[in-house]
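Student: Here it is, the structure, as structure tokens.
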Amino acid sequence: MSDLFRVSLRQVVRQRGFGVILSIALGITAFIALSVLGREIRYKVGQDMVLMGGVNVIQVYMDDKEYPGQPMREFFPATVDALRALPGVGMVSRNVRDGKGFLLRGEGERSLSVYFIGIDQYFAEVYSLSLTAGRLFSDADMERHSRVCMLGREAARNLYGDPDKAVGKLLFLGKDVFEVVGVVSGVMLGSWSQGGFLPYTTMIDRNWGDGKVTRLFVRAVGWEDVPPLIRLIPEVVREHQAAPYLVIRTQEEQLERIKTTFMWVEALLWLGIAASLMLGGFGIWYGTFAAVRARTREVGLKKAMGGSDTDILVQFLAEALCKSVAGGILGIVVGVTLVEIGSWSLGTGISYPLLIASSLGSIVFSALIGVAGGLYPALQASRMDVVTALRFE
């Protein structure tokens with residue numbers, strides 16, 4: 001058996017079937033990478049698309065004011081903690097849903113009506129805000145009910161021309177003076193970029209807006225977590241408090257578009273893998289046919305010297321297997337390397353059982369490609385007539 005494979009490897013080197021080997025290796029490499037890191041890749045690649053559309057942010061709010069005679073309910077701290085513990089939840093931010101508008105005086109004669117909403121220290125992370133100037137709200141701002149505020153970039157620009165000039169300015173909101181500590185921006189802000197933000201505890205103290213935490217922003221880890229969370233959130237909320245008029249709002253249309261986009265991208269990737277492996281299989285088929293034709297007299301001589309049909313069949317199948325398995329081994333080596341690099345760059349762990357299983361499966365699959373591609377030409381070689389083969393020029 002060892003002699004058979006040594007001779008087969010020598011024939012593979014002579015035939016220079018490196019293109020076939022590389023084609024199979026490419027397909028196996030992509031297969032291992034997608035099998036092991038597929039979920040993490042979908043999450044990471046989709047983050048920018050998801051965040052730009054805001055489809056992984058779920059708004060949960062009490063709609064009691066739409067029903068006359070109903071008390072205005074708020075979200076309890078225990079409810080917020082229970083939502084944060086749900087699988088698939090990345091962050092939960094408290095919000096005073098109804099804000100309050102103030103007429104502010106900017107530089108020169110410039111005046112502007114600015115609408116403020118109450119948020120907590122997690123709002124910026126939930127909505128992936130960028131800090132243009134100053135700082136974001138801190139835990140201390142919420143605990144101390146600080147008289148500080150942040151402005152959206154457009155509001156700061158309209159008031160002071162340059163957002164950097166807004167930091168440190170004092171704003172008269174009602175009877176109180178608030179210091180501007182930061183200016184924020186972000187794709188997901190929308191019209192809030194023209195408004196302002198106050199610590200929700202400070203707004204509740206002054207009974208501005210709802211005077212209660214009536215809305216939560218729940219950020220899912222990824223867009224795949226949104227549908228199950230939509231089902232779980234009402235159950236969890238109602239387990240901890242009364243919420244007869246709870247409303248869950250998502251961006252369903254954008255979510256469906258992203259799902260469809262990723263489905264087609266993933267399908268195209270798998271089609272590319274399949275095409276690469278099929279190309280390798282076709283190369284083995286064509287290469288084995290060419291080898292059989294070029295070595296027709298050799299086949300005739302072996303048969304004349306007592307070689308059986310099975311010996312001829314096994315020899316050509318072994319050569320095809322050597323090509324495919326060599327491509328599979330090369331693909332595994334490169335694939336494992338890419339998985340290690342990818343897990344490091346993505347900041348995720350590696351499922352080694354899955355890596356081992358996909359590597360073993362790759363060897364078996366590459367061997368099957370070799371058998372499938374080389375079987376028919378090998379059968380043709382084994383069935384040659386001895387006299388005809390010896391006369392072949």
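Residue numbers start at 1 in each chain; chains themselves are named A, B, ... in the order of the structure tokens; ligands are numbered from 1 in the order shown.
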So which residues touch A:Ser138 within 6 Å, counting only C-alpha atoms, skipping near sequence neighbours fewer than 2 positions away, as an NGL selection string?
Tutor: :A and (121 or 140-141)
Student: Quick one: everything within 6 Å of stretch 86-95 of chain A, counting only C-alpha atoms, minus sequence neighbours fewer than 4 positions away in the same chain. Send it as a list in words.
Tutor: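 Counting only C-alpha atoms, the residues come to Gly118, Ile119, Asp120, Tyr122, Phe123, Val213, Arg215, Leu216, Phe217, Val218, Arg219, Ala220, Val221 and Asp225 of chain A.
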Student: Using only C-alpha atoms, which protein or nucleic acid residues come within 9 Å of A:Ala82? Drop anything in the same chain fewer than 6 positions from it, and give the result as an MDAnalysis selection string.
Tutor: chainID A and resid 236:237 240
Student: I'd like to know which residues of stretch 162-216 of chain A are strand (DSSP E or B) (by DSSP, run on the backbone); could you write them as a ChimeraX atom specification?
Tutor: /A:170-173,176-185,196-199,215-216
Student: Residues as selected, all heavy atoms, written as a short mmCIF file (atom, residue, chain, number, x, y, z; two decimals), in the first residue's frame, can you do that?
Tutor:
```
data_model
loop_
_atom_site.label_atom_id
_atom_site.label_comp_id
_atom_site.auth_asym_id
_atom_site.auth_seq_id
_atom_site.Cartn_x
_atom_site.Cartn_y
_atom_site.Cartn_z
N LEU A 170 -23.32 77.67 29.96
CA LEU A 170 -24.38 77.53 30.95
C LEU A 170 -25.72 77.83 30.28
O LEU A 170 -25.87 78.86 29.61
CB LEU A 170 -24.15 78.48 32.12
CG LEU A 170 -22.84 78.28 32.91
CD1 LEU A 170 -22.73 79.30 34.03
CD2 LEU A 170 -22.77 76.87 33.46
N LEU A 171 -26.67 76.93 30.46
CA LEU A 171 -28.00 77.08 29.87
C LEU A 171 -29.03 77.26 30.97
O LEU A 171 -29.00 76.55 31.99
CB LEU A 171 -28.35 75.84 29.04
CG LEU A 171 -27.39 75.46 27.91
CD1 LEU A 171 -27.91 74.22 27.19
CD2 LEU A 171 -27.20 76.60 26.93
N PHE A 172 -29.93 78.20 30.76
CA PHE A 172 -31.02 78.44 31.71
C PHE A 172 -32.24 77.62 31.27
O PHE A 172 -32.90 77.95 30.29
CB PHE A 172 -31.36 79.93 31.78
CG PHE A 172 -30.27 80.75 32.41
CD1 PHE A 172 -29.26 81.29 31.63
CD2 PHE A 172 -30.26 80.96 33.79
CE1 PHE A 172 -28.25 82.05 32.21
CE2 PHE A 172 -29.26 81.72 34.38
CZ PHE A 172 -28.24 82.27 33.60
N LEU A 173 -32.49 76.53 32.00
CA LEU A 173 -33.64 75.67 31.73
C LEU A 173 -34.62 75.84 32.87
O LEU A 173 -34.40 75.33 33.98
CB LEU A 173 -33.21 74.20 31.61
CG LEU A 173 -32.08 73.89 30.61
CD1 LEU A 173 -31.82 72.39 30.56
CD2 LEU A 173 -32.42 74.42 29.22
N ASP A 176 -33.46 76.69 36.65
CA ASP A 176 -32.16 76.12 36.97
C ASP A 176 -31.14 76.43 35.88
O ASP A 176 -31.49 76.68 34.72
CB ASP A 176 -32.26 74.61 37.14
CG ASP A 176 -33.11 74.22 38.33
OD1 ASP A 176 -32.87 74.76 39.43
OD2 ASP A 176 -34.03 73.39 38.16
N VAL A 177 -29.88 76.36 36.29
CA VAL A 177 -28.77 76.56 35.36
C VAL A 177 -28.08 75.21 35.15
O VAL A 177 -27.71 74.54 36.12
CB VAL A 177 -27.76 77.58 35.91
CG1 VAL A 177 -26.59 77.74 34.92
CG2 VAL A 177 -28.43 78.92 36.14
N PHE A 178 -27.92 74.83 33.89
CA PHE A 178 -27.29 73.56 33.53
C PHE A 178 -26.02 73.82 32.74
O PHE A 178 -25.99 74.72 31.89
CB PHE A 178 -28.24 72.69 32.70
CG PHE A 178 -29.37 72.08 33.49
CD1 PHE A 178 -30.44 72.86 33.91
CD2 PHE A 178 -29.36 70.73 33.80
CE1 PHE A 178 -31.47 72.29 34.63
CE2 PHE A 178 -30.39 70.15 34.52
CZ PHE A 178 -31.45 70.94 34.94
N GLU A 179 -25.00 73.02 32.99
CA GLU A 179 -23.75 73.14 32.25
C GLU A 179 -23.73 72.12 31.12
O GLU A 179 -24.05 70.95 31.30
CB GLU A 179 -22.56 72.88 33.17
CG GLU A 179 -21.22 73.00 32.45
CD GLU A 179 -20.04 72.60 33.31
OE1 GLU A 179 -20.26 72.27 34.50
OE2 GLU A 179 -18.91 72.62 32.80
N VAL A 180 -23.32 72.58 29.94
CA VAL A 180 -23.16 71.68 28.79
C VAL A 180 -21.83 70.94 28.97
O VAL A 180 -20.77 71.55 28.97
CB VAL A 180 -23.16 72.45 27.46
CG1 VAL A 180 -22.95 71.47 26.29
CG2 VAL A 180 -24.46 73.22 27.28
N VAL A 181 -21.90 69.62 29.13
CA VAL A 181 -20.68 68.84 29.36
C VAL A 181 -20.24 68.07 28.11
O VAL A 181 -19.12 67.56 28.07
CB VAL A 181 -20.86 67.86 30.53
CG1 VAL A 181 -21.07 68.62 31.83
CG2 VAL A 181 -22.01 66.89 30.26
N GLY A 182 -21.12 67.97 27.12
CA GLY A 182 -20.74 67.20 25.94
C GLY A 182 -21.62 67.49 24.74
O GLY A 182 -22.74 67.99 24.88
N VAL A 183 -21.09 67.18 23.57
CA VAL A 183 -21.82 67.28 22.31
C VAL A 183 -21.70 65.93 21.62
O VAL A 183 -20.59 65.39 21.49
CB VAL A 183 -21.27 68.39 21.40
CG1 VAL A 183 -22.01 68.42 20.07
CG2 VAL A 183 -21.36 69.74 22.10
N VAL A 184 -22.83 65.36 21.19
CA VAL A 184 -22.82 64.01 20.62
C VAL A 184 -23.40 64.03 19.21
O VAL A 184 -24.15 64.93 18.83
CB VAL A 184 -23.63 63.03 21.50
CG1 VAL A 184 -22.95 62.83 22.84
CG2 VAL A 184 -25.06 63.51 21.69
N SER A 185 -23.03 62.99 18.47
CA SER A 185 -23.56 62.81 17.12
C SER A 185 -23.65 61.33 16.84
O SER A 185 -23.11 60.51 17.59
CB SER A 185 -22.66 63.50 16.08
OG SER A 185 -21.37 62.91 16.10
N GLY A 196 -31.51 68.11 22.88
CA GLY A 196 -30.58 68.01 24.00
C GLY A 196 -30.95 66.84 24.90
O GLY A 196 -32.02 66.23 24.76
N PHE A 197 -30.05 66.55 25.85
CA PHE A 197 -30.23 65.40 26.72
C PHE A 197 -29.91 65.80 28.16
O PHE A 197 -28.93 66.50 28.42
CB PHE A 197 -29.30 64.25 26.29
CG PHE A 197 -29.43 63.90 24.84
CD1 PHE A 197 -28.61 64.49 23.88
CD2 PHE A 197 -30.40 63.00 24.41
CE1 PHE A 197 -28.74 64.19 22.54
CE2 PHE A 197 -30.53 62.68 23.07
CZ PHE A 197 -29.70 63.28 22.13
N LEU A 198 -30.76 65.32 29.07
CA LEU A 198 -30.58 65.56 30.50
C LEU A 198 -30.52 64.22 31.23
O LEU A 198 -31.09 63.23 30.75
CB LEU A 198 -31.74 66.38 31.06
CG LEU A 198 -31.94 67.79 30.51
CD1 LEU A 198 -33.25 68.37 31.00
CD2 LEU A 198 -30.78 68.69 30.90
N PRO A 199 -29.86 64.15 32.39
CA PRO A 199 -29.94 62.93 33.20
C PRO A 199 -31.41 62.66 33.56
O PRO A 199 -32.13 63.57 33.98
CB PRO A 199 -29.11 63.26 34.44
CG PRO A 199 -28.18 64.35 34.00
CD PRO A 199 -28.95 65.15 33.00
N ARG A 215 -40.03 54.70 29.20
CA ARG A 215 -39.56 54.05 27.98
C ARG A 215 -38.17 53.45 28.23
O ARG A 215 -37.34 54.02 28.93
CB ARG A 215 -39.50 55.03 26.81
CG ARG A 215 -38.98 54.40 25.52
CD ARG A 215 -39.23 55.28 24.30
NE ARG A 215 -38.65 56.61 24.42
CZ ARG A 215 -38.80 57.58 23.52
NH1 ARG A 215 -39.55 57.35 22.44
NH2 ARG A 215 -38.24 58.76 23.69
N LEU A 216 -37.96 52.29 27.63
CA LEU A 216 -36.67 51.63 27.68
C LEU A 216 -36.18 51.39 26.25
O LEU A 216 -36.97 51.09 25.36
CB LEU A 216 -36.75 50.28 28.40
CG LEU A 216 -37.25 50.29 29.85
CD1 LEU A 216 -37.37 48.87 30.37
CD2 LEU A 216 -36.33 51.11 30.74
#
```
Student: Just checking: using only C-alpha atoms, which residue out of A:Val314, A:Ile329, A:Ala85, A:Cys322 ends up closest to A:Ser362?
Tutor: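 Of A:Val314, A:Ile329, A:Ala85, A:Cys322, the one nearest A:Ser362 is A:Ile329, counting only C-alpha atoms.
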Student: From a DSSP pass on the backbone, collect the residues of stretch 187-243 of chain A flagged as alpha helix (DSSP H) and hand them back as a short mmCIF file (atom, residue, chain, number, x, y, z; two decimals) with C-alpha atoms, in the first residue's frame.
Tutor:
```cif
data_model
loop_
_atom_site.label_atom_id
_atom_site.label_comp_id
_atom_site.auth_asym_id
_atom_site.auth_seq_id
_atom_site.Cartn_x
_atom_site.Cartn_y
_atom_site.Cartn_z
CA TYR A 200 -33.26 61.11 33.62
CA THR A 201 -33.02 61.43 37.41
CA THR A 202 -32.74 65.20 37.09
CA MET A 203 -35.82 65.37 34.85
CA ILE A 204 -37.82 63.19 37.26
CA ASP A 205 -36.88 65.49 40.18
CA VAL A 226 -34.47 40.75 17.81
CA PRO A 227 -37.38 38.35 16.97
CA PRO A 228 -36.99 36.17 20.11
CA LEU A 229 -36.59 39.27 22.30
CA ILE A 230 -39.82 40.74 20.93
CA ARG A 231 -41.59 37.65 22.28
CA LEU A 232 -39.74 37.52 25.60
CA ILE A 233 -39.79 41.19 26.66
CA PRO A 234 -43.57 41.49 27.30
CA GLU A 235 -43.52 38.26 29.34
CA VAL A 236 -40.61 39.43 31.50
CA VAL A 237 -42.08 42.90 32.05
CA ARG A 238 -45.47 41.54 33.10
CA GLU A 239 -43.83 39.05 35.46
CA HIS A 240 -42.42 41.96 37.46
#
```
Student: Give me the residues near A:Ser358 as a ChimeraX atom specification, where near means some atom within 12 Å (using only C-alpha atoms) and where sequence neighbours in that chain fewer than 5 positions away do not count.
Tutor: /A:28-37,328,331-332,335-336,339,351-353,363-366
Student: Write out as a PDB file with N, CA, C and O atoms, in the first residue's frame the residues lying within 7 Å of A:Ala367, counting only C-alpha atoms and excluding same-chain residues fewer than 4 positions away.
Tutor:
```
ATOM      1  N   LEU A 321      -6.922  10.359  -5.507  1.00  0.00           N
ATOM      2  CA  LEU A 321      -7.034  10.589  -4.061  1.00  0.00           C
ATOM      3  C   LEU A 321      -5.879  11.423  -3.541  1.00  0.00           C
ATOM      4  O   LEU A 321      -6.061  12.284  -2.669  1.00  0.00           O
ATOM      5  N   SER A 324      -6.637  15.083  -4.307  1.00  0.00           N
ATOM      6  CA  SER A 324      -7.728  15.673  -3.521  1.00  0.00           C
ATOM      7  C   SER A 324      -7.378  15.769  -2.041  1.00  0.00           C
ATOM      8  O   SER A 324      -7.650  16.784  -1.390  1.00  0.00           O
ATOM      9  N   VAL A 325      -6.756  14.717  -1.504  1.00  0.00           N
ATOM     10  CA  VAL A 325      -6.401  14.745  -0.083  1.00  0.00           C
ATOM     11  C   VAL A 325      -5.290  15.766   0.182  1.00  0.00           C
ATOM     12  O   VAL A 325      -5.289  16.437   1.219  1.00  0.00           O
ATOM     13  N   ILE A 363     -11.438  16.366   5.331  1.00  0.00           N
ATOM     14  CA  ILE A 363     -10.614  15.275   4.786  1.00  0.00           C
ATOM     15  C   ILE A 363     -11.497  14.247   4.071  1.00  0.00           C
ATOM     16  O   ILE A 363     -11.208  13.808   2.951  1.00  0.00           O
ATOM     17  N   VAL A 371     -12.463  10.475  -5.293  1.00  0.00           N
ATOM     18  CA  VAL A 371     -13.079   9.247  -5.793  1.00  0.00           C
ATOM     19  C   VAL A 371     -14.073   9.557  -6.906  1.00  0.00           C
ATOM     20  O   VAL A 371     -14.095   8.906  -7.954  1.00  0.00           O
TER      21      VAL A 371
END
```
Student: To one decimal place in Å, what is the distance between atom CA of A:Glu74 and atom CA of A:Leu246?
Tutor: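 Spanning atom CA of A:Glu74 to atom CA of A:Leu246 is a straight-line distance of 10.5 Å.
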Student: Can you tell me how far atom CA of A:Leu338 sits from atom CA of A:Leu354, in Å to one decimal?
Tutor: 14.7 Å
Student: For a test of reading the model, state the distance in Å between atom CA of A:Gly161 and atom CA of A:Val114, rounded to one decimal.
Tutor: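 Distance reported for this atom pair: 15.3 Å.
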Student: Would you pick out the contacts of A:Ala320 at 6 Å or less, using only C-alpha atoms, so that residues sharing its chain but fewer than 3 positions from it are not included, and give the list as a PyMOL selection string?
Tutor: chain A and resi 317+323+370+374
Student: Could you tell me which of A:Leu151, A:Ser128, A:Phe137, A:Ala242 comes closest to A:Met188 if we count only C-alpha atoms?
Tutor: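 Of A:Leu151, A:Ser128, A:Phe137, A:Ala242, the one nearest A:Met188 is A:Ser128, counting only C-alpha atoms.
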